[in-house]
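Comments concern the structure below.
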Amino acid sequence: MKQRKLAPLLAVSLSLQMVVSPVMGIAAEEKKTSASDVILGTSEAFATSIQAAGQIWSTVNQIRSGGSTGLSGQAAFDMQKLQEQQTPQPDKYFSMQRLGAMPGMTEYLAMNNINPAMLECKTLPTTLHEAKNEVCTLGVTTDRGVAPAAQLSEMQAYANQYFQINKMYRNYSADSNSAGQLFGVGCMKNAMNILNGFFKYRLDELDKLTTNLEAMQNQFREASRSDLDAIEESVAVLEGGDSELANKVKSKKPDLFDFGKRFENPACTSMFAKDTFNQIGRGKGLNAINQQLKTSMSEKPPGSKYSGESYSNSHSAVVEDLNNLADKVAKQSELRFSELADEKGYTGFLRSLSGSVSSTNGANNLLTSDLFSDVQTSFTEKSQKLQNDFNTIASELSAGGANPARALSIVRNLTTTNFDSEVSTIENQLKNGCLKSNLSGNSSLDSLLEKIYDPTSSNFANKNASNFLKDKIKTIMENDKTSPEKKLSELKALESSQGNRYYVKMDNSYEVQETDANGNIVKRIVDASTRKSPSVFFSDIIRNCEAQFKVNKLDNQLSGAEAIQKLRALHSSYKNLAKSHASEMKASIKKKLIECESPEDANSSAIGSCTSERFNTTAPGFCANAALSCSKNMQACTQQAEKYVSEIKAQKTARVNNYKALVEKNKKDIVKIFDSALARYMKDGEILRGMFGAGFSSPSGIEREVPEGSRYLNLFTEATSGSPDGRLLLEDPDKYVEMFKKNITALKKSVEDQQNQIVGGGLGKNNGLLAEHIKQTEKNYREVASSAEKFADKCDRNYSEYVKASEQQRNQQNAENQKLQSELGEKLPRFCKKYQTAQSNAQGACKGELTDLFDSAMKAANRSGTTSYSDGQAIAEFREICDGFNNESDTSSTLSVDTQTMCTKLGVKDGKFEDADCQLLLKGTLEERKNSPFCVTSTVSNGTNTTTGTPDCKQLVEQISARYTSKYPLGGASGTVTVTSSAPSFCTAGDNSDRGNVFQKGLDVFRQELEKSRAAKQ
C-alpha cells in the first residue's frame, strides 16, 4: 500500500471544511440551541462541523450519482425539490420575452425611459412541495437504521429550507417599496402599472388620432375658407333671397346686393328701373334678373308675331309692311275724299279704314283716330275753310238759280271725269236763267216770236206763216242744258237753213250791255227800226246776259262768272287737300309707326319703356324704330346679365371644384389615417389574442359615408333650394370628421374591451386575466408561506426537543466516559500520545504494537456519543495509515490520495455542487478551478446594493495551506505522512491546541465565498 501524503489530505480537509462551514453558520443563526453548543472543546467543535457538513455534501452528491448517503433518498429528493421551490423562474405572463413582444411596448418603454427589466418578474412555484418525512412529523426514531445525527441534520435541513421558503414567499408577496423590484407580486404590480400606462397610452393614441383629425379639419377650414367665402358670395349674388347665407353675405358686403348699380346703363334701365333690379335681385338674385330679362326678351304678347329676341331680325320687313300700309291708307284717303270732306264722314272713314287696307303684321289695326288725330284736325280745319268758301258759292249760285247740292257733289268728287261739263251746266243754268229773266213779261219769248217776219212776204203771209221756225227757235231758247253760245249757233244755223230771210220787228228800241276791258258794263241802245235777224236779236239778249254774268252779283258777293271761277278753284283746292291729306296720313303712319314721335321714343331711353308690348305690331303705341331699339336694348342687357351670371358661375364653379378637391383630399387623408389605425389595432389585437387569449372584437358600426340627407352644408342647400342651377351640394367635412370620431370611439371601445380582458380595466378593478393572475399568485404565495411556516415550526420543534434530550444524554455519557477512561488506565493516554505524534509524524507513531491501543481507543470512542465526525473514524484512519506503513515496502515520501473517495465521502449539505467540482478544486489546474462553481463570477444583491467578485481559488487554497504548514510543519525533515484528522474527543489538544482556531478562520473565509456562490446560483 502506497504511503499517503498528508499535505493533500489536509488541503482536502481544509477545502471541504470551508465549503460546508456556511451551512453550520446558517444553522447557528437560525437556532438558539444547536449541536455545537453541547460539544466541548475547540477540537470537538471542529470535528462536529466536519462531520455534519461532510454528511450533507456527501448526501447531495451521492443522490445525484445514484449512490447512498447519510441522508435518506427521500430527504435528498426533498432537499432538491425545496431548492427548486426557492429557485426563481420567469413568470408565465410577466416576462420581458412575453410583454416586450406586445406591439408598441418597446417604443413605449424607450419613450418613457422605463427599464425593460421592470417587466421581467421572477416568480416562485405556486404550490409547496410538502416533504413526506418522519423526522419532522415523528422526530428522531431508531427503527429506520439512520443515525440520530443524520436525522437531526435532516430536521435542521428541512426546518432551514422551510423557514427560507416562508421568508422568500413573504418577500415575494410583499408590495414593492422600490421601483426596481424584479421579483414577486410587487414586481407584477409594478409591471401592471407599466401595462396600464401602456394600455392607456394606446387609448391616448386613439384620442390623439381624434385630435389629429380635428387639427386636420382646422387646417382644412383654413385652406378652404377663401373658397367657401367666394362660393357664399357667388351664391348670395346669384340666388338672393332671405336665406341664412344671403343674410350673412349682406351683413359682410352689402354692396354686392346693389343690383341696380350693375344695370344702370340705358339699355337695361329701358327695361327696368334700378329699384326694380334691386327688388328682383334681392328677392331672388342675379339668376332671377337674368331669367326675367330673358323672359321679357323672348315673350310674345297675345296677337303678336315678334319678341324682343326676334324683332331685330324682322325689323326691315316690318318697316316695309308699314310703308306699304301708309301708301294704302294714302290711296284710300284720296279715293274716299268726298267721304272725308263730309263733316261726319271722317270718323266713319277712320272707323272703316283698318278694314279697307291690309298688313302682313296686322298693323292695319293701328289705324285709329288716335293715330290720325293731328291729321284729322288739320284736315278738318282745311276742309272747313273750303266748306265756307263753298257755302258762299252755293249761296250765290242758289241766288243765281243754280242747284248748290249739285255744285257741292261735283266740287268734292275728285274722281269724276266730267267736272268741267258739270260746271258748264251750272254756268248754263245761270246764263239761261238770265235769258229767261230777259225773255219774260212783255218781252217774253212767245211775244218775240210773234214779231218775227219775212220781209219778202205779205203781211198776211207773214201772219199766217209756218210755225216751224218759231218752234225751232223756242226749242233752242228754252233748252236749259245748252249754253247761250250754243243756242246762238243753233239759231244761226236755223236761220241759214231758212235762207236768212227772217227778221224781228222791234216795236221799241232796246238796250244792249257789254263789258269793257275793266270789266264794267257798257250799254248801247239799238233803235227799233234796226232790222235784226232772230239770231242777232237773241245774240244781243245773250250778250246782255253775258255782261250781267260777268258783272252782276248773283246775290250780294259773287257774279256768276266769279262763282263759276271759285267753284272751279274750290275743286282744285279739294284736290290739293286730298293729296296733302293723303300725304299727311302717310307721313303720320311713318312718323308714328316707323320713326316714332320723338327721339326718346325711337331710342326707347325712357325708364321701363321696353316691354314685350313694344313688339306687338297690332297694339296701339307700336313704333318700329322703338321696337328695334328695345330689341337691341333687351339683347344688350340680357347679354350683360348673362355675362355677369356666367362670370360669377365660372368663379363659383372654379371655387366649388377647388373646394371639392380639398374635401376629397381631406376625406382620403382621414380615411388613410383611420384605416391605418384600424389595421394596426386589429393586427395588434390579434397578436394580443394569441398572447393572452383575450379576444379582439372588430369594431361594429364603422361607417364610410355620411348619409345623403345630412352630408351637405345646409347653408348652401337652403340658399340654392330654388335655384335654376339646382341645389349646390357641398359636403360638410365636419360631418365626415364626426363620423370618423364615432368610428374611432368604436375602435377605442374594442381596444379597451380587449385590454380590460387582459389587465382587468386597471389594477384590481375587475377580473382581467393579469389582475386575476396576480390575485391568484398572491393567494398561492400566502398559502405556500403559511404551509412552509407550519412545516418549519414542526421540524424546529422536534429538533429542539431532541437537542434537549441529547444534552441530558451527553451529560450522562460524559460521566460514563470519564468512568471508562479511569478503567482503561494508562492505555488511553498512550493512544492519545501516539495520535498526537501521528499528527506530526505518523510513521514514527506507528512503531510498536498498537493493536491493543487501537482496540481500547475504539472502545472509548464508541462510548463517547459524539454527533460530529466520529472518534471511530479518526481511529480508523490512524489504524489505516499504520497498517500501510507496516504492510508496504514502498518508502516513497508521497502518498496517493483518492480524491474521488474523499469528495464522495465529504459531500456538501445543500447538494448544489457536483463531484467533479470538488475534484477540480482539489487537484485541477488554475484554469480548471476557475471554471469551477466556486470560481465563477458571482453577483450578490441585497435589494439595494450589488457586489460582484471573482475569487482566485488556487491562491486561496495555497494561502490557507501555507499558513497551516508554517505553524505546523507536516512530516518534518523526513517528509513522512501525517494524520490529518482531529484527535478523538477523549484526547487532550496538547501542543496543537491552536489548530482549531486556524481551521475556523479558514472555514469562515470559505463560508463567505460559498454564500456568494450560492447567491449567484440562485
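Identifiers for the C-alpha cells are assigned positionally: chains receive A, B, ... in sequence, residues are indexed from 1 per chain, and ligands are indexed from 1 in the order shown.
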Where in region 424-487 of chain A does DSSP assign helix (DSSP H, G or I), given as a PDB file with N, CA and C atoms, in the first residue's frame?
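result02.pdb written:
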ATOM      1  N   SER A 424    -120.006 123.609-116.403  1.00  0.00           N
ATOM      2  CA  SER A 424    -120.604 124.298-117.549  1.00  0.00           C
ATOM      3  C   SER A 424    -122.122 124.262-117.451  1.00  0.00           C
ATOM      4  N   THR A 425    -122.615 123.176-116.965  1.00  0.00           N
ATOM      5  CA  THR A 425    -124.057 123.046-116.791  1.00  0.00           C
ATOM      6  C   THR A 425    -124.548 124.085-115.802  1.00  0.00           C
ATOM      7  N   ILE A 426    -123.803 124.250-114.731  1.00  0.00           N
ATOM      8  CA  ILE A 426    -124.193 125.261-113.731  1.00  0.00           C
ATOM      9  C   ILE A 426    -124.089 126.645-114.358  1.00  0.00           C
ATOM     10  N   GLU A 427    -123.007 126.786-115.072  1.00  0.00           N
ATOM     11  CA  GLU A 427    -122.836 128.095-115.734  1.00  0.00           C
ATOM     12  C   GLU A 427    -123.995 128.349-116.702  1.00  0.00           C
ATOM     13  N   ASN A 428    -124.423 127.356-117.476  1.00  0.00           N
ATOM     14  CA  ASN A 428    -125.518 127.471-118.414  1.00  0.00           C
ATOM     15  C   ASN A 428    -126.818 127.780-117.669  1.00  0.00           C
ATOM     16  N   GLN A 429    -126.908 127.113-116.487  1.00  0.00           N
ATOM     17  CA  GLN A 429    -128.102 127.372-115.706  1.00  0.00           C
ATOM     18  C   GLN A 429    -128.178 128.857-115.339  1.00  0.00           C
ATOM     19  N   LEU A 430    -127.062 129.387-114.926  1.00  0.00           N
ATOM     20  CA  LEU A 430    -127.047 130.807-114.548  1.00  0.00           C
ATOM     21  C   LEU A 430    -127.388 131.692-115.773  1.00  0.00           C
ATOM     22  N   LYS A 431    -126.724 131.390-116.864  1.00  0.00           N
ATOM     23  CA  LYS A 431    -126.929 132.223-118.051  1.00  0.00           C
ATOM     24  C   LYS A 431    -128.341 132.025-118.617  1.00  0.00           C
ATOM     25  N   ASN A 432    -128.780 130.791-118.617  1.00  0.00           N
ATOM     26  CA  ASN A 432    -130.121 130.516-119.119  1.00  0.00           C
ATOM     27  C   ASN A 432    -131.178 131.178-118.214  1.00  0.00           C
ATOM     28  N   GLY A 433    -130.838 131.246-116.939  1.00  0.00           N
ATOM     29  CA  GLY A 433    -131.737 131.942-116.018  1.00  0.00           C
ATOM     30  C   GLY A 433    -131.840 133.406-116.381  1.00  0.00           C
ATOM     31  N   CYS A 434    -130.718 133.960-116.783  1.00  0.00           N
ATOM     32  CA  CYS A 434    -130.695 135.366-117.203  1.00  0.00           C
ATOM     33  C   CYS A 434    -131.537 135.526-118.457  1.00  0.00           C
ATOM     34  N   LEU A 435    -131.408 134.569-119.397  1.00  0.00           N
ATOM     35  CA  LEU A 435    -132.175 134.641-120.620  1.00  0.00           C
ATOM     36  C   LEU A 435    -133.660 134.565-120.300  1.00  0.00           C
ATOM     37  N   LYS A 436    -133.978 133.677-119.398  1.00  0.00           N
ATOM     38  CA  LYS A 436    -135.379 133.555-119.012  1.00  0.00           C
ATOM     39  C   LYS A 436    -135.864 134.861-118.424  1.00  0.00           C
ATOM     40  N   SER A 437    -134.985 135.411-117.616  1.00  0.00           N
ATOM     41  CA  SER A 437    -135.392 136.662-116.968  1.00  0.00           C
ATOM     42  C   SER A 437    -135.594 137.744-118.027  1.00  0.00           C
ATOM     43  N   ASN A 438    -134.727 137.819-119.022  1.00  0.00           N
ATOM     44  CA  ASN A 438    -134.816 138.839-120.048  1.00  0.00           C
ATOM     45  C   ASN A 438    -135.969 138.531-121.034  1.00  0.00           C
ATOM     46  N   GLY A 441    -142.213 138.582-119.302  1.00  0.00           N
ATOM     47  CA  GLY A 441    -143.088 139.762-119.335  1.00  0.00           C
ATOM     48  C   GLY A 441    -143.435 140.131-120.757  1.00  0.00           C
ATOM     49  N   ASN A 442    -143.428 141.436-121.045  1.00  0.00           N
ATOM     50  CA  ASN A 442    -143.751 141.916-122.392  1.00  0.00           C
ATOM     51  C   ASN A 442    -142.748 141.446-123.437  1.00  0.00           C
ATOM     52  N   SER A 443    -141.597 141.083-122.879  1.00  0.00           N
ATOM     53  CA  SER A 443    -140.531 140.628-123.793  1.00  0.00           C
ATOM     54  C   SER A 443    -140.374 139.123-123.731  1.00  0.00           C
ATOM     55  N   LEU A 445    -140.628 135.245-124.710  1.00  0.00           N
ATOM     56  CA  LEU A 445    -140.155 134.572-125.923  1.00  0.00           C
ATOM     57  C   LEU A 445    -141.302 134.452-126.928  1.00  0.00           C
ATOM     58  N   ASP A 446    -142.446 134.160-126.425  1.00  0.00           N
ATOM     59  CA  ASP A 446    -143.563 133.995-127.336  1.00  0.00           C
ATOM     60  C   ASP A 446    -143.869 135.322-128.042  1.00  0.00           C
ATOM     61  N   SER A 447    -143.873 136.398-127.301  1.00  0.00           N
ATOM     62  CA  SER A 447    -144.183 137.689-127.910  1.00  0.00           C
ATOM     63  C   SER A 447    -143.110 138.064-128.914  1.00  0.00           C
ATOM     64  N   LEU A 448    -141.913 137.702-128.597  1.00  0.00           N
ATOM     65  CA  LEU A 448    -140.823 137.998-129.531  1.00  0.00           C
ATOM     66  C   LEU A 448    -140.945 137.120-130.773  1.00  0.00           C
ATOM     67  N   LEU A 449    -141.382 135.926-130.591  1.00  0.00           N
ATOM     68  CA  LEU A 449    -141.535 135.058-131.771  1.00  0.00           C
ATOM     69  C   LEU A 449    -142.623 135.592-132.706  1.00  0.00           C
ATOM     70  N   GLU A 450    -143.579 136.258-132.085  1.00  0.00           N
ATOM     71  CA  GLU A 450    -144.662 136.817-132.906  1.00  0.00           C
ATOM     72  C   GLU A 450    -144.128 137.946-133.787  1.00  0.00           C
ATOM     73  N   ASN A 459    -148.060 140.725-145.432  1.00  0.00           N
ATOM     74  CA  ASN A 459    -148.404 140.731-144.009  1.00  0.00           C
ATOM     75  C   ASN A 459    -149.218 139.491-143.661  1.00  0.00           C
ATOM     76  N   PHE A 460    -150.141 139.203-144.578  1.00  0.00           N
ATOM     77  CA  PHE A 460    -150.980 138.021-144.340  1.00  0.00           C
ATOM     78  C   PHE A 460    -150.122 136.790-144.330  1.00  0.00           C
ATOM     79  N   ALA A 461    -149.275 136.834-145.288  1.00  0.00           N
ATOM     80  CA  ALA A 461    -148.398 135.656-145.362  1.00  0.00           C
ATOM     81  C   ALA A 461    -147.541 135.555-144.127  1.00  0.00           C
ATOM     82  N   ASN A 462    -147.001 136.692-143.739  1.00  0.00           N
ATOM     83  CA  ASN A 462    -146.192 136.682-142.515  1.00  0.00           C
ATOM     84  C   ASN A 462    -147.031 136.297-141.308  1.00  0.00           C
ATOM     85  N   LYS A 463    -148.287 136.764-141.303  1.00  0.00           N
ATOM     86  CA  LYS A 463    -149.172 136.470-140.168  1.00  0.00           C
ATOM     87  C   LYS A 463    -149.546 135.018-140.171  1.00  0.00           C
ATOM     88  N   PHE A 468    -142.939 126.516-137.929  1.00  0.00           N
ATOM     89  CA  PHE A 468    -141.728 125.683-137.849  1.00  0.00           C
ATOM     90  C   PHE A 468    -140.555 126.479-137.319  1.00  0.00           C
ATOM     91  N   LEU A 469    -140.296 127.583-137.821  1.00  0.00           N
ATOM     92  CA  LEU A 469    -139.178 128.395-137.404  1.00  0.00           C
ATOM     93  C   LEU A 469    -139.361 128.835-135.982  1.00  0.00           C
ATOM     94  N   LYS A 470    -140.553 129.274-135.700  1.00  0.00           N
ATOM     95  CA  LYS A 470    -140.777 129.758-134.343  1.00  0.00           C
ATOM     96  C   LYS A 470    -140.604 128.637-133.335  1.00  0.00           C
ATOM     97  N   ASP A 471    -141.138 127.493-133.702  1.00  0.00           N
ATOM     98  CA  ASP A 471    -141.000 126.344-132.764  1.00  0.00           C
ATOM     99  C   ASP A 471    -139.530 125.977-132.562  1.00  0.00           C
ATOM    100  N   LYS A 472    -138.828 126.006-133.637  1.00  0.00           N
ATOM    101  CA  LYS A 472    -137.411 125.681-133.526  1.00  0.00           C
ATOM    102  C   LYS A 472    -136.698 126.700-132.651  1.00  0.00           C
ATOM    103  N   ILE A 473    -136.987 127.930-132.871  1.00  0.00           N
ATOM    104  CA  ILE A 473    -136.324 128.970-132.069  1.00  0.00           C
ATOM    105  C   ILE A 473    -136.707 128.816-130.606  1.00  0.00           C
ATOM    106  N   LYS A 474    -137.963 128.514-130.373  1.00  0.00           N
ATOM    107  CA  LYS A 474    -138.408 128.366-128.981  1.00  0.00           C
ATOM    108  C   LYS A 474    -137.705 127.194-128.333  1.00  0.00           C
ATOM    109  N   THR A 475    -137.610 126.124-129.102  1.00  0.00           N
ATOM    110  CA  THR A 475    -136.942 124.924-128.548  1.00  0.00           C
ATOM    111  C   THR A 475    -135.500 125.253-128.205  1.00  0.00           C
ATOM    112  N   ILE A 476    -134.874 125.929-129.110  1.00  0.00           N
ATOM    113  CA  ILE A 476    -133.473 126.292-128.871  1.00  0.00           C
ATOM    114  C   ILE A 476    -133.375 127.187-127.656  1.00  0.00           C
ATOM    115  N   MET A 477    -134.162 128.156-127.526  1.00  0.00           N
ATOM    116  CA  MET A 477    -134.034 129.154-126.472  1.00  0.00           C
ATOM    117  C   MET A 477    -134.494 128.606-125.116  1.00  0.00           C
ATOM    118  N   GLU A 478    -135.343 127.692-125.111  1.00  0.00           N
ATOM    119  CA  GLU A 478    -135.848 127.179-123.828  1.00  0.00           C
ATOM    120  C   GLU A 478    -135.039 125.961-123.332  1.00  0.00           C
ATOM    121  N   PRO A 484    -125.809 129.622-123.935  1.00  0.00           N
ATOM    122  CA  PRO A 484    -126.252 130.683-124.838  1.00  0.00           C
ATOM    123  C   PRO A 484    -125.473 130.672-126.151  1.00  0.00           C
ATOM    124  N   GLU A 485    -124.184 130.370-126.029  1.00  0.00           N
ATOM    125  CA  GLU A 485    -123.365 130.352-127.240  1.00  0.00           C
ATOM    126  C   GLU A 485    -123.885 129.275-128.196  1.00  0.00           C
ATOM    127  N   LYS A 486    -124.196 128.147-127.646  1.00  0.00           N
ATOM    128  CA  LYS A 486    -124.688 127.061-128.500  1.00  0.00           C
ATOM    129  C   LYS A 486    -126.056 127.402-129.057  1.00  0.00           C
ATOM    130  N   LYS A 487    -126.849 128.065-128.212  1.00  0.00           N
ATOM    131  CA  LYS A 487    -128.164 128.492-128.695  1.00  0.00           C
ATOM    132  C   LYS A 487    -128.007 129.435-129.885  1.00  0.00           C
TER     133      LYS A 487
END
List the spatial neighbours of Glu309 (chain A) as number ranges by chain - criterion: any atom at most 8 Å away, only C-alpha atoms, same-chain residues fewer than 3 positions off excluded. A: 297-298, 306, 312, 631, 634-635
Distance CA of Lys794 (chain A)-CA of Gly139 (chain A), one decimal place?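 Value for the CA of Lys794 (chain A)-CA of Gly139 (chain A) distance: 9.4 Å.
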Can you pull out every residue within 12 Å of Gly709 (chain A), counting only C-alpha atoms, but drop anything in the same chain fewer than 3 positions away, and send it as an MDAnalysis selection string? chainID A and resid 705:706 712:714 717 729 731:732 735
My list of candidates is A:Asn287, A:Thr126, A:Ser369, A:Thr211. Which is closest to Gly240 (chain A) when distances are computed with only C-alpha atoms?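 Between A:Asn287, A:Thr126, A:Ser369, A:Thr211, the residue approaching Gly240 (chain A) most closely is A:Asn287.
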Which of A:Ser559, A:Thr295, A:Ser573, A:Thr142 sits closest to Asp389 (chain A) [using only C-alpha atoms]: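 Distance minimum relative to Asp389 (chain A) lands on A:Ser573.
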Check the smallest atom-to-atom distance from each of A:Gly760, A:Pro148, A:Gly621, A:Pro733 to Lys668 (chain A) using only C-alpha atoms, then report the winner.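 Of A:Gly760, A:Pro148, A:Gly621, A:Pro733, the one nearest Lys668 (chain A) is A:Pro733, counting only C-alpha atoms.
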Residues at most 10 Å from region 185-190 of chain A, counting only C-alpha atoms, excluding those fewer than 5 positions away in the same chain, as a PyMOL selection string? chain A and resi 91+93-95+118-123+169-180+195-196+763-764+770-771+773-775+777-778+781
Under the rule that only C-alpha atoms are counted, which of A:Lys132, A:Lys748, A:Arg98, A:Lys827 is the nearest residue to Ile687 (chain A)? A:Arg98
So the first atom is CA of Pro88 (chain A) and the second is CA of Ala159 (chain A); what is the distance between them in Å, to one decimal place? 20.1 Å
Closest of A:Asn841, A:Ser698, A:Gln161, A:Gln89 to Asp796 (chain A) - atom-to-atom distances counting only C-alpha atoms: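 Counting only C-alpha atoms, the residue closest to Asp796 (chain A) is A:Gln161.
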For region 622-627 of chain A, please output as a ChimeraX atom specification all residues within 8 Å (counting only C-alpha atoms; exclusion window: fewer than 5 positions along the same chain). /A:308,311-312,315,318-319,366,592-596,601-604,610,613-617
Using Å and a single decimal, report how far CA of Gln640 (chain A) sits from CA of Gly722 (chain A).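 That distance, rounded to one decimal, is 22.9 Å.
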Residues near Ala326 (chain A), anyone? I mean within 7 Å using only C-alpha atoms, not counting same-chain ones fewer than 3 positions away, as a VMD selection string. chain A and resid 322 to 323 329 to 330 586 589 to 590
What would the file look like if the residues just selected were written as an mmCIF file, in the first residue's frame with N, CA and C atoms?
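Output contents, as saved in part_28.cif:
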data_model
loop_
_atom_site.group_PDB
_atom_site.id
_atom_site.type_symbol
_atom_site.label_atom_id
_atom_site.label_comp_id
_atom_site.auth_asym_id
_atom_site.auth_seq_id
_atom_site.Cartn_x
_atom_site.Cartn_y
_atom_site.Cartn_z
ATOM 1 N N LEU A 322 -95.117 98.516 -93.081
ATOM 2 C CA LEU A 322 -95.719 99.775 -92.639
ATOM 3 C C LEU A 322 -95.708 100.817 -93.754
ATOM 4 N N ASN A 323 -94.658 100.859 -94.541
ATOM 5 C CA ASN A 323 -94.615 101.786 -95.678
ATOM 6 C C ASN A 323 -95.704 101.440 -96.679
ATOM 7 N N VAL A 329 -103.144 103.549 -97.175
ATOM 8 C CA VAL A 329 -104.006 104.492 -96.452
ATOM 9 C C VAL A 329 -104.121 105.794 -97.237
ATOM 10 N N ALA A 330 -102.963 106.243 -97.757
ATOM 11 C CA ALA A 330 -102.977 107.488 -98.535
ATOM 12 C C ALA A 330 -103.890 107.344 -99.753
ATOM 13 N N LYS A 586 -100.004 109.439 -94.673
ATOM 14 C CA LYS A 586 -98.842 108.588 -94.912
ATOM 15 C C LYS A 586 -97.692 108.972 -94.004
ATOM 16 N N ILE A 589 -98.375 107.920 -90.486
ATOM 17 C CA ILE A 589 -98.112 106.485 -90.274
ATOM 18 C C ILE A 589 -96.610 106.249 -90.134
ATOM 19 N N LYS A 590 -95.855 106.843 -91.018
ATOM 20 C CA LYS A 590 -94.400 106.645 -90.942
ATOM 21 C C LYS A 590 -93.823 107.252 -89.674
#
Given only C-alpha atoms as the basis, pick out the residue of A:Glu490, A:Ser609, A:Ser786, A:Thr482 nearest to Ala273 (chain A).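 Result for the nearest residue to Ala273 (chain A): A:Ser609.
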